[in-house]
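Below: my_file_7.txt (compact mmCIF, C-alpha atoms)
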# COMPACT_ATOMS: atom_id res chain seq x y z
CA VAL Q 205 -7.59 25.61 10.63
CA LYS Q 206 -6.36 22.38 9.06
CA ILE Q 207 -5.99 20.56 12.38
CA GLN Q 208 -9.47 21.65 13.48
CA VAL Q 209 -11.01 20.40 10.23
CA VAL Q 210 -9.26 17.04 10.57
CA ALA Q 211 -10.47 16.76 14.19
CA ASP Q 212 -14.04 17.55 13.10
CA VAL Q 213 -13.92 14.96 10.31
CA LEU Q 214 -12.70 12.27 12.73
CA LYS Q 215 -15.34 13.22 15.31
CA ALA Q 216 -18.12 12.99 12.71
CA ASN Q 217 -16.71 9.65 11.54
CA ASP Q 218 -16.66 8.24 15.06
CA ALA Q 219 -20.29 9.20 15.67
CA ILE Q 220 -21.38 7.34 12.52
CA ALA Q 221 -19.13 4.39 13.40
CA ARG Q 222 -20.91 4.08 16.76
CA ARG Q 223 -24.26 3.98 14.96
CA ASN Q 224 -22.92 1.30 12.58
CA ARG Q 225 -21.72 -0.82 15.50
CA GLU Q 226 -25.15 -0.57 17.14
CA ARG Q 227 -26.76 -1.71 13.88
CA PHE Q 228 -24.38 -4.65 13.60
CA ASP Q 229 -25.08 -5.59 17.21
CA GLU Q 230 -28.84 -5.47 16.64
CA LEU Q 231 -28.47 -7.58 13.51
CA GLY Q 232 -26.22 -10.04 15.35
CA VAL Q 233 -23.60 -9.66 12.63
CA LEU Q 234 -19.89 -9.79 13.47
CA ALA Q 235 -18.18 -7.03 11.45
CA VAL Q 236 -14.49 -7.43 10.58
CA ASN Q 237 -12.43 -4.62 9.02
CA LEU Q 238 -9.68 -6.10 6.80
CA ILE Q 239 -6.60 -3.90 6.38
CA SER Q 240 -3.53 -4.50 4.18
CA SER Q 241 -1.32 -3.22 1.36
CA PRO Q 242 -2.55 -3.64 -2.21
CA GLY Q 243 -2.11 -7.24 -3.33
CA SER Q 244 -1.64 -8.86 0.09
CA GLY Q 245 -4.56 -11.18 -0.60
CA LYS Q 246 -7.68 -9.68 1.05
CA THR Q 247 -9.96 -10.82 -1.76
CA SER Q 248 -8.39 -14.28 -1.99
CA LEU Q 249 -8.81 -14.55 1.77
CA LEU Q 250 -12.54 -13.95 1.43
CA GLU Q 251 -12.78 -16.57 -1.32
CA ARG Q 252 -11.01 -19.12 0.89
CA THR Q 253 -13.00 -18.09 3.96
CA SER Q 254 -16.22 -18.72 2.11
CA GLU Q 255 -15.12 -22.33 1.49
CA ALA Q 256 -13.85 -22.77 5.04
CA LEU Q 257 -17.06 -21.52 6.65
CA LYS Q 258 -19.55 -23.11 4.26
CA GLY Q 259 -22.59 -24.31 6.17
CA ARG Q 260 -21.39 -22.72 9.42
CA PHE Q 261 -21.86 -18.99 8.83
CA ARG Q 262 -23.62 -16.87 6.25
CA LEU Q 263 -21.21 -14.27 4.91
CA ALA Q 264 -21.53 -10.78 3.48
CA SER Q 265 -18.92 -8.25 2.42
CA MET Q 266 -18.31 -4.64 1.54
CA VAL Q 267 -15.34 -4.12 -0.74
CA GLY Q 268 -13.47 -0.82 -0.92
CA ASP Q 269 -11.52 0.04 -4.06
CA LEU Q 270 -10.65 3.28 -5.82
CA GLU Q 271 -12.13 1.92 -9.03
CA THR Q 272 -13.46 -1.27 -10.71
CA THR Q 273 -15.94 -3.80 -9.34
CA ARG Q 274 -13.62 -6.77 -9.92
CA ASP Q 275 -13.20 -7.71 -6.28
CA ALA Q 276 -16.91 -7.62 -5.44
CA GLU Q 277 -17.56 -9.78 -8.52
CA ARG Q 278 -14.91 -12.30 -7.44
CA ILE Q 279 -16.31 -12.45 -3.92
CA ASP Q 280 -19.86 -12.69 -5.20
CA ARG Q 281 -18.87 -15.68 -7.33
CA ALA Q 282 -17.43 -17.25 -4.16
CA GLY Q 283 -20.94 -17.15 -2.68
CA ILE Q 284 -20.60 -14.09 -0.44
CA ALA Q 285 -23.24 -11.37 -0.81
CA SER Q 286 -21.13 -8.35 -1.80
CA ILE Q 287 -21.28 -4.68 -2.48
CA GLN Q 288 -18.46 -2.63 -4.01
CA ILE Q 289 -17.68 0.80 -2.60
CA ASN Q 290 -15.66 2.84 -5.10
CA THR Q 291 -13.78 5.62 -3.35
CA GLY Q 292 -12.44 7.40 -6.47
CA LYS Q 293 -9.36 9.08 -5.07
CA GLY Q 294 -10.23 8.15 -1.49
CA CYS Q 295 -7.44 6.26 0.25
CA HIS Q 296 -9.57 4.49 2.89
CA LEU Q 297 -13.17 3.64 3.75
CA ASP Q 298 -15.01 5.83 6.22
CA ALA Q 299 -17.97 5.13 8.47
CA ALA Q 300 -20.43 7.05 6.29
CA GLN Q 301 -19.62 4.90 3.25
CA VAL Q 302 -20.19 1.79 5.34
CA GLU Q 303 -23.47 3.16 6.74
CA ALA Q 304 -24.74 3.87 3.22
CA ALA Q 305 -23.96 0.28 2.20
CA ILE Q 306 -25.56 -1.49 5.18
CA ASP Q 307 -29.10 -1.55 3.78
CA LYS Q 308 -27.90 -2.80 0.41
CA LEU Q 309 -26.74 -6.12 1.87
CA PRO Q 310 -28.94 -8.91 3.25
CA LEU Q 311 -27.53 -8.50 6.76
CA THR Q 312 -30.65 -9.81 8.50
CA GLU Q 313 -29.67 -13.16 6.96
CA SER Q 314 -25.92 -12.86 7.62
CA ASP Q 315 -23.68 -13.88 10.51
CA LEU Q 316 -20.43 -12.28 9.41
CA LEU Q 317 -19.64 -9.10 7.52
CA PHE Q 318 -16.17 -8.56 6.07
CA ILE Q 319 -15.31 -4.98 5.24
CA GLU Q 320 -12.39 -5.16 2.81
CA ASN Q 321 -10.73 -1.77 3.13
CA VAL Q 322 -8.88 0.04 0.33
CA GLY Q 323 -5.42 -1.50 -0.19
CA ASN Q 324 -3.34 0.81 1.98
CA LEU Q 325 -1.35 0.12 5.14
CA VAL Q 326 -1.52 3.74 6.38
CA CYS Q 327 -4.78 5.65 6.02
CA PRO Q 328 -7.36 2.97 6.95
CA THR Q 329 -5.78 2.70 10.40
CA GLY Q 330 -7.23 6.06 11.47
CA PHE Q 331 -10.90 5.45 10.68
CA ASP Q 332 -13.29 3.43 12.84
CA LEU Q 333 -15.97 1.92 10.57
CA GLY Q 334 -18.04 0.44 13.39
CA GLU Q 335 -16.40 -2.98 13.08
CA HIS Q 336 -16.04 -5.35 16.03
CA ALA Q 337 -12.49 -6.27 15.07
CA LYS Q 338 -9.69 -5.10 12.82
CA VAL Q 339 -7.65 -7.79 11.07
CA THR Q 340 -4.36 -6.81 9.43
CA LEU Q 341 -2.97 -8.92 6.63
CA LEU Q 342 0.70 -8.94 5.61
CA SER Q 343 2.07 -11.08 2.79
CA THR Q 344 5.58 -12.52 2.81
CA PRO Q 345 6.70 -10.87 -0.49
CA GLU Q 346 6.25 -7.47 1.20
CA GLY Q 347 9.24 -8.22 3.38
CA GLU Q 348 10.13 -8.92 6.99
CA ASP Q 349 10.53 -5.25 7.89
CA LYS Q 350 7.00 -3.92 7.51
CA VAL Q 351 5.83 -4.11 11.14
CA LEU Q 352 8.04 -1.30 12.47
CA LYS Q 353 7.68 0.77 9.30
CA TYR Q 354 3.87 0.70 9.51
CA PRO Q 355 3.44 0.10 13.25
CA LEU Q 356 -0.09 1.43 13.64
CA ALA Q 357 -1.51 -1.11 11.18
CA PHE Q 358 -0.25 -3.90 13.41
CA GLN Q 359 -0.89 -2.20 16.74
CA ILE Q 360 -4.62 -1.72 16.19
CA ALA Q 361 -5.28 -5.28 14.96
CA GLN Q 362 -7.12 -7.91 17.02
CA CYS Q 363 -5.75 -10.61 14.74
CA ILE Q 364 -2.82 -10.62 12.30
CA LEU Q 365 -2.63 -12.84 9.25
CA LEU Q 366 0.71 -13.62 7.57
CA ASN Q 367 -0.29 -14.62 4.05
CA LYS Q 368 1.57 -16.28 1.16
CA ILE Q 369 3.36 -18.52 3.61
CA ASP Q 370 3.86 -20.95 0.69
CA LEU Q 371 6.51 -18.53 -0.65
CA VAL Q 372 8.69 -18.55 2.49
CA ASP Q 373 11.35 -20.83 0.99
CA VAL Q 374 11.36 -19.25 -2.47
CA LEU Q 375 11.79 -15.80 -0.93
CA GLY Q 376 14.09 -16.79 1.92
CA TYR Q 377 11.62 -15.01 4.20
CA ASP Q 378 12.95 -14.59 7.75
CA ARG Q 379 9.97 -14.99 10.07
CA THR Q 380 12.00 -14.24 13.21
CA VAL Q 381 12.40 -10.57 12.21
CA PHE Q 382 8.65 -10.30 11.66
CA TYR Q 383 7.81 -11.93 15.01
CA ASP Q 384 10.46 -9.99 16.96
CA ASP Q 385 9.20 -6.67 15.60
CA LEU Q 386 5.58 -7.61 16.16
CA ARG Q 387 6.23 -8.34 19.84
CA LYS Q 388 7.30 -4.68 20.22
CA VAL Q 389 4.04 -3.21 18.90
CA ASN Q 390 1.38 -5.84 19.63
CA SER Q 391 1.95 -8.89 21.79
CA ALA Q 392 -1.75 -9.56 22.40
CA ALA Q 393 -3.12 -10.30 18.93
CA PRO Q 394 -2.79 -13.86 17.66
CA VAL Q 395 -0.85 -14.37 14.43
CA ILE Q 396 -2.12 -16.94 11.95
CA GLU Q 397 0.12 -18.04 9.09
CA ILE Q 398 -1.96 -18.68 6.00
CA SER Q 399 -1.70 -19.37 2.30
CA CYS Q 400 -4.78 -18.35 0.37
CA ARG Q 401 -3.33 -20.18 -2.62
CA ARG Q 402 -2.80 -23.52 -0.87
CA GLY Q 403 -5.33 -23.20 1.94
CA ASP Q 404 -2.92 -23.32 4.89
CA GLY Q 405 -4.21 -21.93 8.16
CA MET Q 406 -7.87 -21.67 7.15
CA ASP Q 407 -8.91 -23.94 10.04
CA LEU Q 408 -7.20 -21.67 12.60
CA TRP Q 409 -8.69 -18.58 10.97
CA ALA Q 410 -12.18 -20.14 11.03
CA ASP Q 411 -11.69 -20.98 14.72
CA TRP Q 412 -10.73 -17.40 15.49
CA LEU Q 413 -13.85 -16.08 13.72
CA ASP Q 414 -15.89 -18.65 15.63
CA ARG Q 415 -14.59 -17.41 18.97
CA MET Q 416 -15.25 -13.79 17.99
CA ARG Q 417 -18.84 -14.72 17.08
CA GLU Q 418 -19.27 -16.42 20.46
CA ASP Q 419 -17.89 -13.40 22.29
CA LEU Q 420 -20.38 -11.18 20.46
CA ALA Q 421 -23.29 -13.47 21.30
CA GLU Q 422 -22.25 -13.53 24.99
CA GLN Q 423 -22.02 -9.74 25.12
CA LYS Q 424 -25.60 -9.60 23.84
CA HIS Q 425 -26.96 -11.76 26.65
CA VAL A 204 -14.78 24.28 4.55
CA LYS A 205 -13.08 20.90 4.12
CA ILE A 206 -12.75 21.20 0.35
CA GLN A 207 -11.35 24.73 0.64
CA VAL A 208 -8.73 23.60 3.15
CA VAL A 209 -7.67 20.70 0.92
CA ALA A 210 -7.42 23.07 -2.07
CA ASP A 211 -5.29 25.49 -0.04
CA VAL A 212 -2.99 22.69 1.11
CA LEU A 213 -2.47 21.51 -2.48
CA LYS A 214 -1.87 25.08 -3.71
CA ALA A 215 0.76 25.66 -1.03
CA ASN A 216 2.36 22.30 -1.86
CA ASP A 217 2.54 23.15 -5.56
CA ALA A 218 4.26 26.48 -4.87
CA ILE A 219 6.96 24.75 -2.83
CA ALA A 220 7.26 21.99 -5.44
CA ARG A 221 7.98 24.64 -8.08
CA ARG A 222 10.75 26.06 -5.88
CA ASN A 223 12.18 22.56 -5.38
CA ARG A 224 12.21 21.93 -9.14
CA GLU A 225 14.07 25.21 -9.71
CA ARG A 226 16.63 24.18 -7.09
CA PHE A 227 17.11 20.76 -8.71
CA ASP A 228 17.49 22.45 -12.13
CA GLU A 229 20.12 24.86 -10.78
CA LEU A 230 21.96 21.98 -9.17
CA GLY A 231 21.76 19.93 -12.37
CA VAL A 232 20.25 17.06 -10.39
CA LEU A 233 17.63 14.80 -11.96
CA ALA A 234 14.96 14.18 -9.31
CA VAL A 235 12.89 10.99 -9.51
CA ASN A 236 9.83 10.35 -7.30
CA LEU A 237 9.45 6.59 -6.65
CA ILE A 238 5.89 5.45 -5.90
CA SER A 239 4.68 1.96 -4.94
CA SER A 240 2.86 -0.19 -2.39
CA PRO A 241 4.74 -1.25 0.74
CA GLY A 242 7.17 -4.01 -0.09
CA SER A 243 7.26 -3.65 -3.88
CA GLY A 244 11.02 -3.18 -3.75
CA LYS A 245 11.78 0.55 -3.80
CA THR A 246 14.73 0.23 -1.44
CA SER A 247 16.09 -2.87 -3.20
CA LEU A 248 15.79 -0.97 -6.47
CA LEU A 249 18.00 1.80 -5.10
CA GLU A 250 20.58 -0.75 -3.92
CA ARG A 251 20.67 -2.34 -7.39
CA THR A 252 20.67 1.04 -9.13
CA SER A 253 23.70 2.08 -7.15
CA GLU A 254 25.59 -0.93 -8.55
CA ALA A 255 24.28 -0.42 -12.08
CA LEU A 256 25.27 3.26 -12.21
CA LYS A 257 28.58 3.00 -10.34
CA GLY A 258 31.11 5.35 -11.91
CA ARG A 259 28.51 6.92 -14.20
CA PHE A 260 26.36 8.98 -11.86
CA ARG A 261 26.63 10.16 -8.30
CA LEU A 262 23.46 9.29 -6.43
CA ALA A 263 21.55 10.75 -3.50
CA SER A 264 18.23 9.81 -1.95
CA MET A 265 15.48 10.95 0.37
CA VAL A 266 13.56 8.10 1.95
CA GLY A 267 10.03 8.51 3.26
CA ASP A 268 8.75 6.16 5.94
CA LEU A 269 6.27 6.48 8.78
CA GLU A 270 8.90 5.26 11.22
CA THR A 271 12.38 3.68 11.46
CA THR A 272 15.55 4.67 9.61
CA ARG A 273 16.15 1.18 8.24
CA ASP A 274 15.75 2.06 4.59
CA ALA A 275 18.06 5.08 4.67
CA GLU A 276 20.67 2.94 6.44
CA ARG A 277 20.37 0.22 3.79
CA ILE A 278 20.68 2.75 0.97
CA ASP A 279 23.55 4.48 2.69
CA ARG A 280 25.41 1.18 2.93
CA ALA A 281 24.86 0.80 -0.83
CA GLY A 282 26.87 3.99 -1.32
CA ILE A 283 24.04 6.47 -1.87
CA ALA A 284 24.03 9.62 0.27
CA SER A 285 20.71 9.33 2.09
CA ILE A 286 18.40 11.11 4.42
CA GLN A 287 15.38 9.58 6.11
CA ILE A 288 12.15 11.56 6.33
CA ASN A 289 9.87 10.09 9.02
CA THR A 290 6.28 11.10 8.42
CA GLY A 291 4.79 9.68 11.64
CA LYS A 292 1.19 9.08 10.59
CA GLY A 293 1.67 10.87 7.26
CA CYS A 294 0.69 8.73 4.29
CA HIS A 295 2.83 10.48 1.65
CA LEU A 296 5.72 12.91 1.27
CA ASP A 297 4.94 16.55 0.55
CA ALA A 298 7.00 19.29 -1.10
CA ALA A 299 7.82 21.02 2.19
CA GLN A 300 9.39 17.86 3.62
CA VAL A 301 11.51 17.54 0.50
CA GLU A 302 12.50 21.21 0.63
CA ALA A 303 13.63 20.86 4.23
CA ALA A 304 15.81 17.89 3.28
CA ILE A 305 17.51 19.40 0.21
CA ASP A 306 20.25 21.18 2.14
CA LYS A 307 21.01 18.10 4.20
CA LEU A 308 22.23 16.17 1.16
CA PRO A 309 25.40 16.81 -0.89
CA LEU A 310 23.39 17.69 -3.99
CA THR A 311 26.09 19.95 -5.45
CA GLU A 312 28.07 16.73 -5.89
CA SER A 313 25.15 14.60 -7.11
CA ASP A 314 23.69 13.82 -10.53
CA LEU A 315 20.59 11.93 -9.52
CA LEU A 316 18.23 12.23 -6.58
CA PHE A 317 15.78 9.44 -5.80
CA ILE A 318 12.86 10.39 -3.60
CA GLU A 319 11.49 7.15 -2.20
CA ASN A 320 7.94 7.98 -1.26
CA VAL A 321 6.00 6.38 1.61
CA GLY A 322 4.81 2.89 0.59
CA ASN A 323 1.32 3.72 -0.61
CA LEU A 324 -0.24 3.42 -4.05
CA VAL A 325 -2.87 6.09 -3.41
CA CYS A 326 -1.92 9.25 -1.51
CA PRO A 327 1.52 10.02 -3.02
CA THR A 328 -0.10 10.38 -6.46
CA GLY A 329 -1.67 13.72 -5.50
CA PHE A 330 1.44 15.56 -4.32
CA ASP A 331 4.03 17.15 -6.61
CA LEU A 332 7.39 17.13 -4.81
CA GLY A 333 9.25 19.07 -7.49
CA GLU A 334 10.55 15.91 -9.17
CA HIS A 335 11.33 15.73 -12.89
CA ALA A 336 9.75 12.32 -13.26
CA LYS A 337 7.49 9.96 -11.35
CA VAL A 338 8.32 6.26 -11.53
CA THR A 339 5.73 3.74 -10.34
CA LEU A 340 6.83 0.31 -9.23
CA LEU A 341 4.54 -2.73 -9.13
CA SER A 342 5.70 -6.17 -8.02
CA THR A 343 4.28 -9.40 -9.43
CA PRO A 344 3.08 -10.82 -6.07
CA GLU A 345 0.68 -7.86 -5.83
CA GLY A 346 -1.33 -9.33 -8.69
CA GLU A 347 -2.22 -8.63 -12.30
CA ASP A 348 -5.24 -6.51 -11.44
CA LYS A 349 -3.68 -3.50 -9.75
CA VAL A 350 -3.51 -1.08 -12.71
CA LEU A 351 -7.26 -0.48 -13.00
CA LYS A 352 -7.77 -0.58 -9.25
CA TYR A 353 -5.16 2.13 -8.65
CA PRO A 354 -5.23 3.86 -12.06
CA LEU A 355 -3.82 7.23 -11.01
CA ALA A 356 -0.56 5.70 -9.79
CA PHE A 357 0.05 4.33 -13.29
CA GLN A 358 -1.41 7.25 -15.21
CA ILE A 359 0.94 9.85 -13.73
CA ALA A 360 4.14 7.81 -14.21
CA GLN A 361 6.79 8.60 -16.81
CA CYS A 362 8.20 5.11 -16.39
CA ILE A 363 6.71 1.93 -14.92
CA LEU A 364 8.78 -0.86 -13.38
CA LEU A 365 7.37 -4.37 -13.01
CA ASN A 366 9.50 -5.87 -10.25
CA LYS A 367 9.99 -9.43 -8.92
CA ILE A 368 9.79 -10.75 -12.47
CA ASP A 369 11.76 -13.77 -11.21
CA LEU A 370 8.55 -14.92 -9.47
CA VAL A 371 6.40 -14.98 -12.64
CA ASP A 372 6.49 -18.78 -12.97
CA VAL A 373 6.13 -19.54 -9.27
CA LEU A 374 3.11 -17.24 -9.08
CA GLY A 375 1.62 -18.07 -12.47
CA TYR A 376 1.58 -14.31 -13.07
CA ASP A 377 -0.37 -13.34 -16.21
CA ARG A 378 1.45 -10.39 -17.76
CA THR A 379 -1.15 -9.93 -20.54
CA VAL A 380 -3.75 -8.68 -18.04
CA PHE A 381 -1.23 -6.19 -16.66
CA TYR A 382 -0.25 -4.91 -20.11
CA ASP A 383 -3.83 -4.79 -21.45
CA ASP A 384 -4.99 -2.75 -18.45
CA LEU A 385 -1.97 -0.49 -18.61
CA ARG A 386 -2.69 0.40 -22.24
CA LYS A 387 -6.03 1.83 -21.08
CA VAL A 388 -4.55 4.27 -18.58
CA ASN A 389 -1.05 5.02 -19.87
CA SER A 390 0.23 3.98 -23.27
CA ALA A 391 3.11 6.49 -23.32
CA ALA A 392 5.30 5.41 -20.40
CA PRO A 393 7.82 2.64 -21.04
CA VAL A 394 7.52 -0.48 -18.92
CA ILE A 395 10.70 -2.18 -17.72
CA GLU A 396 10.53 -5.67 -16.26
CA ILE A 397 13.06 -6.02 -13.47
CA SER A 398 14.16 -8.30 -10.67
CA CYS A 399 15.96 -6.50 -7.89
CA ARG A 400 16.86 -9.90 -6.48
CA ARG A 401 18.47 -11.28 -9.65
CA GLY A 402 19.39 -8.04 -11.40
CA ASP A 403 17.17 -8.40 -14.49
CA GLY A 404 16.42 -5.21 -16.39
CA MET A 405 18.97 -2.99 -14.62
CA ASP A 406 20.64 -2.14 -17.95
CA LEU A 407 17.35 -0.89 -19.44
CA TRP A 408 16.57 1.06 -16.28
CA ALA A 409 20.03 2.65 -16.32
CA ASP A 410 19.51 3.59 -19.99
CA TRP A 411 16.19 5.23 -19.18
CA LEU A 412 17.78 7.28 -16.39
CA ASP A 413 20.58 8.19 -18.79
CA ARG A 414 18.13 9.54 -21.36
CA MET A 415 16.27 11.51 -18.70
CA ARG A 416 19.57 13.06 -17.60
CA GLU A 417 20.35 14.01 -21.20
CA ASP A 418 16.91 15.58 -21.65
CA LEU A 419 17.45 17.62 -18.51
CA ALA A 420 20.89 18.81 -19.70
CA GLU A 421 19.44 19.80 -23.10
CA GLN A 422 16.62 21.77 -21.49
CA LYS A 423 19.24 23.73 -19.58
CA HIS A 424 21.07 24.81 -22.75
Here is a file; write its structure as structure tokens.
Amino acid sequence: VKIQVVADVLKANDAIARRNRERFDELGVLAVNLISSPGSGKTSLLERTSEALKGRFRLASMVGDLETTRDAERIDRAGIASIQINTGKGCHLDAAQVEAAIDKLPLTESDLLFIENVGNLVCPTGFDLGEHAKVTLLSTPEGEDKVLKYPLAFQIAQCILLNKIDLVDVLGYDRTVFYDDLRKVNSAAPVIEISCRRGDGMDLWADWLDRMREDLAEQKH
Amino acid sequence: VKIQVVADVLKANDAIARRNRERFDELGVLAVNLISSPGSGKTSLLERTSEALKGRFRLASMVGDLETTRDAERIDRAGIASIQINTGKGCHLDAAQVEAAIDKLPLTESDLLFIENVGNLVCPTGFDLGEHAKVTLLSTPEGEDKVLKYPLAFQIAQCILLNKIDLVDVLGYDRTVFYDDLRKVNSAAPVIEISCRRGDGMDLWADWLDRMREDLAEQKH
């Protein structure tokens, strides 16, 4: 019974995710699903991204958290139209929550939608939200060994961000372990080293988003 | 149907957890369930704890991870009898997994069992494993704001460890936010500031484990 129920839940989710993707396509909005552990820097990334893309793209975001509206408030202050989705005990966002939030954001006037998932490197990997791309964020203090311990989070990503690169020396972080492991699970996705504190890598990240936007526009025509 | 299935799963889990707790009581082993985000330092904590308790207590551990046996190997090298539980896509340990592992460890010759849960600040909070105490670990790079965003993880803990305290200055970490938020969800549990890298706080942590062991011994008589 349990397996059947889980299969039904995933099937229902996928149907809604397809509808969401169609909506995003119609709206011409690139939707990016941001996945990481708690505290890897998803919200700081959006703050920095807002600066980096100022005048180029109009941004919107949905922010998943068990409780509080702190992140949406931070992102709103950074000039990104935001809505908070509180999941209570829910460990990930699902397509229905995203669908319910779509009409609450000014997406007709947006180019890019960031969906900041609940801080969790496991459960969000199993749920399509209708995004065009998944981006997985890892921060250096989490350690070199996370790729093979949470392989799915890195396998499903179209782009991987290594954040808090400013702490590499302080931590004695060994990037070779990270890159060697990553090659085993995902050799296609680009890796961008960033520091949301210092601003490193924001130009490369903006370029990647740019290319994704172009790909989406080409698909449309 | 979905809610009923979830309720049944939790009921079955609780029944096994009760059996586990009885086994631990018979064995005179204090069982501690360690909960944190990926990369907060659970494995490093066990390495340090092994040093701090050398000659006082005999230690054993169960280590939950989606994949790899790296953590169990590290802990084993630190002199703690260890078994790795690979959960595949499973986002938390459950009581049945713990039960199946009990007989694979030399618990008749152990005083303390650490159950290192899957790195996840959400899902492990809902599953009793039969432990005597839950300990939640937060590391400073994860930010000051995690308590209210993941309240259950802090509410259910009998002891809270703030790790990577050696990075407070580098990060500009504001402890007052952490402590103010914590008071709102759990004012009873002691907080111990530690650095698994430098060794800070290991004496206080050892004392806390000592007291828990004494409480367990008293309950028995």
Under the rule of at most 6 Å, produce a per-residue listing of chain Q near chain A: chain, number, name, the closest pair of atoms, and the distance in Å, as JSON lines, using all atoms listed in the file.
{"residue": "Q:Gly243", "atom": "CA", "partner": "A:Glu345", "partner_atom": "CA", "distance": 3.8}
{"residue": "Q:Leu270", "atom": "CA", "partner": "A:Lys352", "partner_atom": "CA", "distance": 5.9}
{"residue": "Q:Glu271", "atom": "CA", "partner": "A:Lys352", "partner_atom": "CA", "distance": 5.0}
{"residue": "Q:Thr272", "atom": "CA", "partner": "A:Lys352", "partner_atom": "CA", "distance": 5.9}
{"residue": "Q:Cys295", "atom": "CA", "partner": "A:Val325", "partner_atom": "CA", "distance": 5.9}
{"residue": "Q:Val326", "atom": "CA", "partner": "A:Cys294", "partner_atom": "CA", "distance": 5.8}
{"residue": "Q:Glu346", "atom": "CA", "partner": "A:Gly242", "partner_atom": "CA", "distance": 3.8}
{"residue": "Q:Gly347", "atom": "CA", "partner": "A:Gly242", "partner_atom": "CA", "distance": 5.8}
{"residue": "Q:Lys353", "atom": "CA", "partner": "A:Glu270", "partner_atom": "CA", "distance": 5.0}
Grab the atom CA of Leu230 of chain A to atom CA of Glu312 of chain A distance for me, in Å with one decimal place. 8.7 Å
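With atom CA of Glu334 of chain A on one side and atom CA of Ala220 of chain A on the other, the separation reads 7.9 Å.
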Using only C-alpha atoms, which of Q:Ala361, Q:Phe331, Q:Ser399, Q:Asp419 sits nearest Ala211 of chain Q? Q:Phe331
What residues have an atom no more than 12 Å from (-9.9, -21.8, 8.0) in the file's own frame, counting all atoms listed in the file, and can you write them as a PyMOL selection string? chain Q and resi 249-258+260+365+396-400+402-414
Report the centre and edge lengths, in Å to one decimal, of an axis-aligned box enclosing every atom of segment 321-329 of chain A listed in the file, padded by 4 Å on each side, as JSON.
{"center_x": 1.6, "center_y": 8.3, "center_z": -2.4, "size_x": 16.9, "size_y": 18.8, "size_z": 16.1}
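If you look at atom CA of Ile305 of chain A and atom CA of Ile359 of chain A, they are 23.7 Å away from each other.
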Would you list the contacts of Ala393 of chain Q as a list in words, taking every protein, DNA or RNA residue within 9 Å and counting all atoms listed in the file, but skipping same-chain residues closer than 4 positions in sequence? Phe358, Gln359, Ala361, Gln362, Cys363 and Ile364 of chain Q
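Each of A:Lys387, A:Lys337, A:Met265, A:Leu332 was compared to Asp306 of chain A using only C-alpha atoms, and A:Met265 turns out to be the nearest.
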